[in-house]
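Visitor: What follows is the file final_31.txt, containing compact mmCIF, C-alpha atoms:
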```
# COMPACT_ATOMS: atom_id res chain seq x y z
CA MET V 1 45.79 58.51 -103.23
CA LYS V 2 46.64 55.20 -104.91
CA TRP V 3 45.83 53.29 -101.72
CA LEU V 4 42.42 54.95 -101.56
CA ASP V 5 41.61 54.10 -105.17
CA GLU V 6 42.62 50.49 -104.60
CA ALA V 7 40.56 50.23 -101.42
CA VAL V 8 37.51 51.56 -103.21
CA SER V 9 37.90 49.46 -106.36
CA THR V 10 38.41 46.22 -104.39
CA GLY V 11 35.50 46.86 -102.00
CA HIS V 12 37.77 46.93 -98.93
CA ALA V 13 36.69 50.50 -98.26
CA THR V 14 33.15 49.38 -97.51
CA THR V 15 34.05 46.19 -95.66
CA ALA V 16 33.16 46.51 -91.98
CA ALA V 17 36.19 46.93 -89.67
CA HIS V 18 38.66 46.78 -92.59
CA PRO V 19 41.70 49.01 -91.85
CA ALA V 20 41.23 50.87 -95.12
CA ARG V 21 37.63 51.75 -94.26
CA ILE V 22 38.59 52.88 -90.77
CA ALA V 23 41.38 55.06 -92.16
CA ILE V 24 39.17 56.64 -94.83
CA ILE V 25 36.33 57.53 -92.49
CA ALA V 26 38.73 58.85 -89.83
CA ALA V 27 40.48 61.05 -92.42
CA ILE V 28 37.21 62.52 -93.70
CA ARG V 29 35.91 63.24 -90.22
CA ALA V 30 39.18 64.91 -89.31
CA ASP V 31 39.22 67.13 -92.41
CA ARG V 32 36.32 67.41 -94.84
CA ALA V 33 38.47 69.55 -97.10
CA GLY V 34 41.42 67.15 -96.96
CA PRO V 35 42.80 64.99 -99.77
CA VAL V 36 40.81 61.87 -98.85
CA ALA V 37 37.47 63.68 -98.89
CA VAL V 38 38.34 65.52 -102.10
CA ARG V 39 39.36 62.29 -103.82
CA LEU V 40 36.14 60.55 -102.79
CA LEU V 41 34.09 63.41 -104.18
CA LEU V 42 35.93 62.95 -107.47
CA LEU V 43 35.36 59.17 -107.38
CA SER V 44 31.63 59.80 -107.09
CA ARG V 45 31.81 60.77 -110.77
CA SER V 46 33.73 57.66 -111.84
CA ASP V 47 32.76 55.82 -115.02
CA ASP V 48 32.57 52.62 -112.97
CA ALA V 49 29.16 52.19 -111.25
CA PHE V 50 30.75 50.04 -108.53
CA VAL V 51 33.17 52.82 -107.64
CA ARG V 52 30.36 55.37 -107.59
CA ARG V 53 28.38 53.16 -105.20
CA GLN V 54 31.40 52.83 -102.94
CA ALA V 55 31.99 56.57 -102.94
CA MET V 56 28.37 57.35 -102.07
CA GLU V 57 28.42 54.84 -99.21
CA LEU V 58 31.69 56.16 -97.76
CA LEU V 59 30.59 59.78 -97.97
CA SER V 60 27.36 58.84 -96.18
CA SER V 61 29.13 56.81 -93.49
CA ALA V 62 31.65 59.55 -92.77
CA GLY V 63 28.99 62.20 -92.34
CA ASP V 64 27.55 63.43 -89.08
CA SER V 65 24.78 65.79 -88.05
CA ARG V 66 26.54 68.81 -89.58
CA PRO V 67 25.65 69.93 -93.13
CA TRP V 68 28.23 69.02 -95.75
CA PRO V 69 27.46 71.11 -98.84
CA GLU V 70 30.17 69.55 -101.01
CA ALA V 71 28.89 66.01 -100.39
CA ALA V 72 25.29 67.10 -100.87
CA GLU V 73 26.19 68.73 -104.20
CA ALA V 74 27.97 65.56 -105.35
CA ALA V 75 24.94 63.50 -104.33
CA LEU V 76 22.52 65.80 -106.16
CA ALA V 77 24.44 65.14 -109.36
CA ARG V 78 24.00 61.40 -108.83
CA LEU V 79 20.21 61.47 -108.35
CA THR V 80 19.93 60.87 -112.09
CA ASP V 81 22.69 58.25 -112.19
CA PRO V 82 22.03 55.29 -114.54
CA ASP V 83 22.72 52.88 -111.65
CA GLU V 84 19.75 52.41 -109.31
CA GLU V 85 21.83 51.69 -106.21
CA VAL V 86 23.88 54.83 -106.76
CA ARG V 87 20.63 56.81 -106.96
CA ARG V 88 19.38 55.30 -103.71
CA ARG V 89 22.60 56.08 -101.86
CA ALA V 90 22.70 59.55 -103.33
CA ALA V 91 19.18 60.21 -102.04
CA TYR V 92 20.29 59.37 -98.52
CA LEU V 93 23.30 61.65 -98.81
CA VAL V 94 21.28 64.56 -100.20
CA VAL V 95 18.94 64.42 -97.21
CA HIS V 96 21.59 63.93 -94.53
CA ALA V 97 24.40 66.10 -95.89
CA GLY V 98 22.28 68.86 -97.39
CA SER V 99 19.25 70.77 -96.25
CA ARG V 100 15.68 69.53 -96.13
CA ASP V 101 14.69 72.29 -98.53
CA VAL V 102 17.21 71.09 -101.12
CA ALA V 103 15.98 67.49 -100.80
CA LEU V 104 12.32 68.54 -101.03
CA ARG V 105 13.07 70.64 -104.10
CA ALA V 106 14.74 67.64 -105.74
CA LEU V 107 11.75 65.49 -104.82
CA GLY V 108 9.45 67.99 -106.51
CA GLU V 109 11.54 68.37 -109.65
CA LEU V 110 12.46 64.74 -110.39
CA THR V 111 10.13 62.17 -111.92
CA GLU V 112 12.05 58.88 -111.61
CA PRO V 113 10.11 56.77 -109.05
CA VAL V 114 13.02 55.00 -107.33
CA VAL V 115 14.88 58.16 -106.38
CA ARG V 116 11.68 60.04 -105.48
CA THR V 117 10.66 57.18 -103.20
CA ALA V 118 14.11 57.08 -101.59
CA LEU V 119 14.07 60.84 -101.00
CA ALA V 120 10.61 60.71 -99.45
CA ASP V 121 11.65 57.78 -97.27
CA TRP V 122 14.66 59.60 -95.83
CA LEU V 123 12.80 62.90 -95.47
CA ARG V 124 10.29 61.19 -93.15
CA GLY V 125 8.24 63.82 -91.32
CA SER V 126 8.97 66.45 -93.94
CA VAL V 127 6.77 64.71 -96.54
CA ALA V 128 3.48 64.62 -94.62
CA HIS V 129 2.09 67.36 -96.90
CA LEU V 130 2.53 65.19 -100.02
CA GLN V 131 -0.61 63.09 -99.62
CA ASP V 132 -1.76 63.98 -103.13
CA ASP V 133 1.57 63.25 -104.82
CA PRO V 134 1.24 61.50 -108.22
CA LEU V 135 3.49 58.61 -107.05
CA ALA V 136 1.77 56.03 -104.85
CA SER V 137 4.89 55.26 -102.78
CA VAL V 138 5.33 58.92 -101.89
CA ARG V 139 1.64 59.26 -101.04
CA PHE V 140 1.87 56.15 -98.88
CA LEU V 141 4.85 57.50 -96.92
CA ALA V 142 3.16 60.89 -96.54
CA ARG V 143 -0.02 59.32 -95.20
CA LEU V 144 1.90 57.08 -92.81
CA GLU V 145 3.63 60.16 -91.42
CA THR V 146 0.27 61.89 -91.07
CA LEU V 147 -1.32 58.84 -89.44
CA SER V 148 1.46 58.58 -86.87
CA GLY V 149 0.38 61.90 -85.35
CA ALA V 150 -3.29 62.02 -86.30
CA PRO V 151 -6.18 62.03 -83.79
CA PRO V 152 -8.41 58.92 -83.81
CA ARG V 153 -11.21 60.66 -85.70
CA GLN V 154 -8.90 60.91 -88.74
CA TRP V 155 -7.80 57.28 -88.69
CA PRO V 156 -10.59 55.77 -90.85
CA LEU V 157 -10.00 58.15 -93.75
CA LEU V 158 -6.24 57.62 -93.64
CA ASP V 159 -6.70 53.86 -93.29
CA ARG V 160 -8.73 53.72 -96.48
CA ALA V 161 -6.25 55.85 -98.38
CA LEU V 162 -3.32 53.70 -97.25
CA LEU V 163 -5.14 50.52 -98.20
CA ALA V 164 -5.94 51.92 -101.64
CA ASP V 165 -2.28 52.78 -102.29
CA ALA V 166 -0.56 49.79 -100.67
CA ARG V 167 -0.31 47.54 -103.73
CA GLU V 168 1.00 50.21 -106.09
CA ALA V 169 3.31 51.69 -103.42
CA ALA V 170 4.99 48.31 -102.98
CA ARG V 171 6.31 48.52 -106.55
CA HIS V 172 8.91 51.09 -105.46
CA LEU V 173 8.85 50.96 -101.66
CA ASP V 174 10.32 48.04 -99.73
CA GLY V 175 8.74 46.91 -96.48
CA VAL V 176 5.29 48.41 -96.88
CA GLY V 177 3.91 45.92 -94.34
CA TRP V 178 6.42 46.46 -91.57
CA ARG V 179 6.37 50.23 -92.02
CA TRP V 180 2.58 50.20 -91.66
CA GLY V 181 2.78 47.88 -88.68
CA TRP V 182 5.32 50.07 -86.91
CA VAL V 183 2.98 53.08 -87.08
CA LEU V 184 -0.04 51.06 -85.94
CA TYR V 185 1.97 49.66 -83.03
CA ARG V 186 2.94 53.16 -81.95
CA LEU V 187 -0.76 54.07 -81.98
CA GLY V 188 -1.68 50.99 -79.94
CA ARG V 189 -4.05 49.66 -82.63
CA GLU V 190 -3.58 45.96 -82.05
CA ARG V 191 -7.03 44.74 -83.12
CA HIS V 192 -6.91 46.89 -86.23
CA VAL V 193 -3.63 45.22 -87.22
CA TYR V 194 -5.27 41.78 -87.12
CA ALA V 195 -8.22 42.94 -89.22
CA LEU V 196 -5.90 44.62 -91.72
CA VAL V 197 -3.73 41.51 -92.06
CA ALA V 198 -6.87 39.46 -92.79
CA ARG V 199 -7.87 41.86 -95.54
CA LEU V 200 -4.41 42.07 -97.11
CA VAL V 201 -3.57 38.36 -97.12
CA GLY V 202 -7.03 37.57 -98.47
CA ASP V 203 -6.11 39.28 -101.73
CA PRO V 204 -3.32 37.58 -103.72
CA ALA V 205 -2.20 40.98 -105.01
CA THR V 206 -1.47 42.24 -101.47
CA ARG V 207 -0.74 38.92 -99.74
CA ASP V 208 2.95 39.57 -99.30
CA ILE V 209 2.24 43.01 -97.84
CA GLY V 210 -0.12 41.35 -95.36
CA ALA V 211 2.56 38.79 -94.52
CA GLY V 212 5.03 41.59 -93.83
CA LEU V 213 2.49 43.31 -91.59
CA ALA V 214 1.77 40.03 -89.81
CA ARG V 215 5.46 39.48 -89.16
CA GLU V 216 5.83 42.98 -87.74
CA ALA V 217 2.78 42.37 -85.53
CA CYS V 218 4.37 39.17 -84.17
CA HIS V 219 7.45 41.20 -83.30
CA ASP V 220 5.36 43.82 -81.49
CA TRP V 221 2.39 42.07 -79.87
CA ARG V 222 2.56 38.87 -77.84
CA ALA V 223 -0.91 37.72 -78.87
CA ALA V 224 -0.28 38.28 -82.58
CA PRO V 225 1.19 34.84 -83.39
CA VAL V 226 -1.80 33.06 -81.85
CA GLU V 227 -4.21 35.37 -83.66
CA LEU V 228 -2.51 35.39 -87.05
CA LEU V 229 -0.92 31.99 -87.54
CA PRO V 230 -4.18 30.29 -88.66
CA LEU V 231 -4.80 33.13 -91.10
CA LEU V 232 -1.33 32.79 -92.61
CA VAL V 233 -1.68 29.01 -92.93
CA ARG V 234 -5.07 29.35 -94.61
CA HIS V 235 -3.59 31.35 -97.46
CA CYS V 236 -0.52 29.23 -98.12
CA GLY V 237 -2.41 27.25 -100.77
CA GLU V 238 -0.30 24.89 -102.84
CA GLY V 239 2.74 27.11 -102.56
CA ILE V 240 4.18 29.50 -100.04
CA SER V 241 5.87 32.78 -100.90
CA PRO V 242 9.09 33.85 -99.14
CA ALA V 243 7.16 36.59 -97.33
CA LEU V 244 4.59 34.12 -95.99
CA ALA V 245 7.32 31.68 -95.00
CA GLU V 246 9.14 34.42 -93.07
CA ALA V 247 5.93 35.43 -91.29
CA LEU V 248 5.24 31.82 -90.32
CA THR V 249 8.80 31.40 -89.06
CA THR V 250 8.43 34.48 -86.89
CA ALA V 251 5.03 33.33 -85.59
CA SER V 252 6.58 29.97 -84.67
CA ILE V 253 8.77 31.70 -82.08
CA SER V 254 5.68 31.96 -79.88
CA GLU V 255 5.30 28.93 -77.62
CA ALA V 256 1.62 29.78 -77.17
CA ALA V 257 1.03 29.83 -80.93
CA MET V 258 2.85 26.54 -81.50
CA ARG V 259 0.99 24.90 -78.66
CA THR V 260 -2.40 26.24 -79.75
CA HIS V 261 -2.04 25.51 -83.47
CA ARG V 262 0.27 22.50 -83.49
CA ALA V 263 -2.04 20.35 -85.64
CA LEU V 264 -2.81 23.21 -88.02
CA ILE V 265 0.80 23.89 -88.97
CA ALA V 266 1.98 20.29 -89.08
CA GLU V 267 1.69 20.07 -92.88
CA VAL V 268 2.81 23.59 -93.78
CA PRO V 269 6.23 23.73 -95.49
CA PHE V 270 8.14 26.37 -93.59
CA ALA V 271 11.19 26.38 -91.33
CA PRO V 272 10.27 26.99 -87.68
CA TYR V 273 12.49 29.41 -85.84
CA PRO V 274 15.36 27.52 -84.18
CA LYS V 275 14.91 27.44 -80.45
CA ALA V 276 18.06 28.45 -78.60
CA HIS V 277 19.09 26.46 -75.57
CA ARG V 278 21.62 27.42 -72.96
CA PRO V 279 24.68 25.22 -73.21
CA SER V 280 24.51 22.67 -70.46
CA GLY V 281 28.26 22.11 -70.36
CA SER V 282 29.62 19.40 -68.14
CA PRO V 283 27.45 17.99 -65.33
CA PRO V 284 27.88 19.99 -62.13
CA PRO V 285 30.29 18.42 -59.66
CA SER V 286 28.78 16.93 -56.55
CA TYR V 287 29.88 18.93 -53.52
CA ASP V 288 29.80 17.76 -49.96
CA SER V 289 30.30 20.32 -47.20
CA ALA V 290 34.03 19.62 -46.94
CA ALA V 291 34.64 20.09 -50.67
CA ALA V 292 32.49 23.22 -50.72
CA ALA V 293 34.37 24.68 -47.74
CA ALA V 294 37.68 23.98 -49.46
CA VAL V 295 36.58 25.85 -52.58
CA LEU V 296 35.56 28.89 -50.56
CA GLU V 297 38.72 28.80 -48.48
CA ALA V 298 40.73 29.32 -51.65
CA LYS V 299 38.64 32.36 -52.63
CA PRO V 300 38.99 35.87 -51.21
CA VAL V 301 36.24 37.23 -49.00
CA ASP V 302 35.48 39.98 -51.49
CA THR V 303 34.99 37.53 -54.32
CA GLY V 304 33.08 38.86 -57.29
CA ARG V 305 32.45 35.67 -59.21
CA LEU V 306 32.03 32.05 -58.21
CA GLN V 307 31.12 29.28 -60.59
CA ARG V 308 28.75 26.70 -59.06
CA ALA V 309 27.89 29.15 -56.29
CA HIS V 310 24.45 27.62 -55.87
CA GLU V 311 25.79 24.07 -55.47
CA ILE V 312 28.64 25.14 -53.19
CA PHE V 313 26.59 27.19 -50.72
CA SER V 314 23.67 24.77 -50.86
CA ALA V 315 25.98 21.99 -49.68
CA LEU V 316 27.20 24.13 -46.80
CA LEU V 317 23.72 25.29 -45.79
CA ASP V 318 22.45 21.70 -45.89
CA ALA V 319 25.20 20.75 -43.42
CA GLY V 320 24.65 23.64 -41.02
CA PRO V 321 25.23 27.38 -40.52
CA LEU V 322 27.83 29.21 -42.57
CA THR V 323 30.98 30.44 -40.92
CA PHE V 324 31.46 34.17 -40.61
CA ARG V 325 33.87 34.15 -43.55
CA GLN V 326 31.57 32.06 -45.72
CA ALA V 327 28.63 34.32 -44.92
CA ALA V 328 30.72 37.36 -45.91
CA GLN V 329 31.54 35.70 -49.21
CA LEU V 330 27.89 34.92 -49.87
CA TYR V 331 26.93 38.48 -48.93
CA ASN V 332 29.38 39.93 -51.42
CA LEU V 333 28.17 37.61 -54.18
CA THR V 334 24.56 38.53 -53.42
CA PHE V 335 24.70 42.28 -53.00
CA LYS V 336 27.73 43.66 -54.84
CA ARG V 337 26.66 43.50 -58.50
CA PRO V 338 23.64 42.43 -60.57
CA GLY V 339 23.87 39.40 -62.81
CA ARG V 340 23.60 35.66 -62.97
CA ILE V 341 25.63 35.08 -59.79
CA GLN V 342 23.50 37.48 -57.78
CA ALA V 343 20.32 35.81 -59.01
CA ALA V 344 21.65 32.39 -57.97
CA CYS V 345 22.89 33.57 -54.58
CA ALA V 346 19.84 35.58 -53.48
CA PRO V 347 17.79 32.48 -52.50
CA LEU V 348 20.82 31.17 -50.61
CA TRP V 349 21.14 34.41 -48.63
CA LEU V 350 17.47 34.07 -47.73
CA ARG V 351 18.18 30.58 -46.36
CA HIS V 352 21.10 31.97 -44.38
CA ALA V 353 19.66 35.24 -43.08
CA GLY V 354 16.00 34.27 -42.73
CA PRO V 355 12.70 36.04 -43.57
CA THR V 356 13.89 39.47 -42.46
CA ALA V 357 16.14 39.58 -45.54
CA LEU V 358 13.25 38.98 -47.95
CA PRO V 359 12.16 42.60 -48.64
CA ARG V 360 15.70 43.66 -49.44
CA LEU V 361 16.26 40.65 -51.71
CA LEU V 362 13.03 41.13 -53.64
CA ALA V 363 13.80 44.82 -54.08
CA LEU V 364 17.11 43.68 -55.53
CA MET V 365 15.65 41.03 -57.84
CA THR V 366 12.34 42.22 -59.26
CA PRO V 367 13.71 45.24 -61.19
CA HIS V 368 15.78 42.85 -63.30
CA LEU V 369 13.00 40.44 -64.33
CA GLY V 370 12.59 42.15 -67.70
CA ASP V 371 16.33 42.49 -68.39
CA TYR V 372 16.95 40.52 -71.58
CA GLY V 373 20.48 39.59 -70.50
CA ILE V 374 19.84 38.32 -66.99
CA GLY V 375 16.09 38.39 -66.35
CA GLU V 376 15.69 34.63 -66.76
CA TYR V 377 18.13 34.00 -63.94
CA TYR V 378 16.20 36.24 -61.57
CA SER V 379 12.97 34.43 -62.39
CA GLU V 380 14.75 31.15 -61.66
CA GLY V 381 15.97 32.58 -58.36
CA LEU V 382 12.41 33.51 -57.36
CA ALA V 383 11.28 30.02 -58.33
CA ARG V 384 13.88 28.56 -55.96
CA MET V 385 12.53 30.73 -53.15
CA GLY V 386 9.13 29.12 -53.57
CA ARG V 387 6.36 30.37 -51.33
CA ARG V 388 8.67 32.89 -49.68
CA ALA V 389 8.72 34.82 -52.96
CA MET V 390 4.94 35.41 -52.88
CA PRO V 391 5.42 39.21 -52.60
CA ALA V 392 7.12 39.09 -56.03
CA LEU V 393 4.00 37.75 -57.74
CA PRO V 394 2.73 41.21 -58.80
CA SER V 395 6.04 41.89 -60.59
CA LEU V 396 5.99 38.50 -62.30
CA THR V 397 2.33 38.87 -63.25
CA ALA V 398 2.92 42.35 -64.70
CA LEU V 399 5.64 40.93 -66.93
CA ILE V 400 3.48 37.97 -67.96
CA ASP V 401 0.39 40.07 -68.68
CA ARG V 402 2.12 42.54 -71.02
CA ARG V 403 0.42 42.67 -74.41
CA THR V 404 3.50 44.14 -76.10
CA ARG V 405 6.96 42.64 -76.31
CA ILE V 406 9.58 43.68 -73.76
CA PRO V 407 12.03 46.08 -75.44
CA VAL V 408 15.27 44.15 -75.90
CA ASN V 409 18.37 44.49 -78.03
CA ASP V 410 19.49 41.85 -80.49
CA SER V 411 20.87 41.79 -83.99
CA THR V 412 17.53 40.77 -85.53
CA ARG V 413 13.86 41.37 -84.81
CA ASP V 414 13.28 37.62 -84.65
CA GLY V 415 16.09 37.36 -82.10
CA GLU V 416 14.51 40.10 -80.01
CA THR V 417 11.17 38.30 -80.14
CA MET V 418 12.85 35.10 -78.97
CA LEU V 419 14.41 36.94 -76.03
CA ASP V 420 11.00 38.23 -74.99
CA GLU V 421 9.58 34.70 -75.26
CA ARG V 422 12.36 33.38 -73.01
CA LEU V 423 11.75 36.07 -70.41
CA LEU V 424 8.03 35.30 -70.56
CA ALA V 425 8.56 31.54 -70.17
CA ALA V 426 10.91 32.04 -67.22
CA ALA V 427 8.40 34.33 -65.48
CA ILE V 428 5.57 31.83 -66.05
CA ASP V 429 7.70 29.01 -64.63
CA ALA V 430 8.58 31.13 -61.60
CA ARG V 431 4.96 32.02 -60.88
CA ARG V 432 3.96 28.39 -61.27
CA ALA V 433 6.68 27.27 -58.85
CA ILE V 434 5.73 29.87 -56.24
CA LEU V 435 2.03 29.02 -56.39
CA ALA V 436 2.69 25.28 -56.39
CA ASP V 437 4.82 25.65 -53.26
CA THR V 438 2.04 27.48 -51.46
CA THR V 439 -0.37 24.59 -52.00
CA SER V 440 2.01 21.75 -51.23
```
Can you present the structure in this file as structure tokens?
Guide:
Amino acid sequence: MKWLDEAVSTGHATTAAHPARIAIIAAIRADRAGPVAVRLLLLSRSDDAFVRRQAMELLSSAGDSRPWPEAAEAALARLTDPDEEVRRRAAYLVVHAGSRDVALRALGELTEPVVRTALADWLRGSVAHLQDDPLASVRFLARLETLSGAPPRQWPLLDRALLADAREAARHLDGVGWRWGWVLYRLGRERHVYALVARLVGDPATRDIGAGLAREACHDWRAAPVELLPLLVRHCGEGISPALAEALTTASISEAAMRTHRALIAEVPFAPYPKAHRPSGSPPPSYDSAAAAAVLEAKPVDTGRLQRAHEIFSALLDAGPLTFRQAAQLYNLTFKRPGRIQAACAPLWLRHAGPTALPRLLALMTPHLGDYGIGEYYSEGLARMGRRAMPALPSLTALIDRRTRIPVNDSTRDGETMLDERLLAAAIDARRAILADTTS
């Protein structure tokens, strides 16, 4: 086991995609009673805090939905570890490798606030009955769990209790603001979020909690940046905390907020979110019909991809009807698979086939308008169709009028918010182009 000890002591065992980490986790999952698992359980009792942290992390990462009594027992012994990070990781492992009853019993017997908070956090719905716990962070988590499933008549009482505990809970619980915001979002309480942010940021003692809640609101609700940005700016004062700066950066992702409050934020010292632009690459080549025909002649009829498809087929359609082979190529590009090429070719097929093709094309395009990977291209395709895309206006308007963000997938919440903003902007541009074409 020398290789295992070295991997743990150097940190390679917890480095993402490192061969040592892959080998360790694979060995544990293959045999929980094998030498690798047994050695890691021994390392969890090492005199070196770094090694204990590594062991706890590896045991947690190698676990699955099945109970693992040996790992849970090792983690229980580490709940009183002198190292705080070891205690936190042990709390996770107790909950996920052991039984809920064991974790709840530990929560009831221990007094140290960090580990009790960590246990309550990972126990989630199992702590709803602990609303009278002596530790504010545990009470806060319990009341959040209760609020998430409570009827509206119980909201005011729970709101007051959460507000009373928020400041003290934040001493041991990270992310009080975003946790609170997540529950309120699930309950659809948008206006309450804005009022709560105003109350929290108005008190210096809870200002950072309010900033965290504001940031979560901007991630969840499209109107939140416009509503909350002035409030955040008002409480920046002579300095700006990291939490406020992060909230302002997130709010700056909103084009509507930046446009509405441009003068207000001009003097505030924060870094606006960097706006991503599609790489423009080299200027598109200029195709005449002969050059376009030559490109297509070199491609198979059942072509799946074609760079510059819009320019190539536009040149041919400007010169006259497509040949049978060219039309077959355009058909395949339009109808075979969703994506950027399909979005670019759909307006061209409409030019070729005429109005009778419109219902089929719109049925093909509108379901993808909210797709965070390709939705922008479909909005651009509808914009190119102009007035002929009028039947797509309800789909575009539904996307534009959403109060909540479109669910997308990115590595960060800010990145996901930016993707929603891009989809929104593309849909607005498409609607504007369609309506402008109808009045021209």
Visitor: Within 9 Å of Leu59 in chain V, counting all atoms listed in the file, which residues qualify if same-chain residues fewer than 5 places away don't, as a compact mmCIF listing (two decimals) with C-alpha atoms, in the frame of the given file?
Guide:
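Listed below is the output, around32.txt:
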```txt
# COMPACT_ATOMS: atom_id res chain seq x y z
CA ILE V 25 36.33 57.53 -92.49
CA ILE V 28 37.21 62.52 -93.70
CA ALA V 37 37.47 63.68 -98.89
CA LEU V 40 36.14 60.55 -102.79
CA LEU V 41 34.09 63.41 -104.18
CA GLN V 54 31.40 52.83 -102.94
CA ALA V 71 28.89 66.01 -100.39
CA LEU V 93 23.30 61.65 -98.81
```
Visitor: Just the residues within 7 Å of range 381-388 of chain V, please, counting only C-alpha atoms, with nothing from its chain fewer than 5 positions along; format it as a count of residues only.
Guide: 10
Visitor: Between V:Pro35, V:Pro242, V:Gly98, V:Pro391, which has the minimum distance to Pro69 in chain V (counting all atoms listed in the file)?
Guide: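 Looking only at the distances to Pro69 in chain V, the closest residue turns out to be V:Gly98.
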Visitor: Excluding same-chain residues fewer than 2 positions from Ser9 in chain V, what lies within 12 Å of it counting all atoms listed in the file, as a list of chain:residue names?
Guide: V:Lys2, V:Trp3, V:Leu4, V:Asp5, V:Glu6, V:Ala7, V:Gly11, V:His12, V:Ala13, V:Thr14, V:Thr15, V:Ala20, V:Leu40, V:Leu43, V:Ser46, V:Asp47, V:Asp48, V:Ala49, V:Phe50, V:Val51, V:Arg52, V:Arg53, V:Gln54, V:Ala55
Visitor: If I take CA of Trp180 in chain V and CA of Glu216 in chain V, how far is one from the other in Å, to one decimal?
Guide: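 Separation of CA of Trp180 in chain V and CA of Glu216 in chain V: 8.8 Å.
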Visitor: May I ask which of the residues V:Ala353, V:Cys345, V:Leu158, V:Leu362 is the closest one to Pro321 in chain V, counting all atoms listed in the file?
Guide: V:Ala353
Visitor: Pick out the residues sitting within 8 Å of range 333-338 of chain V, and hand them over as a VMD selection string; count all atoms listed in the file, and ignore anything fewer than 4 positions along from it in its own chain.
Guide: chain V and resid 303 to 306 329 342 to 343 345 to 346 349
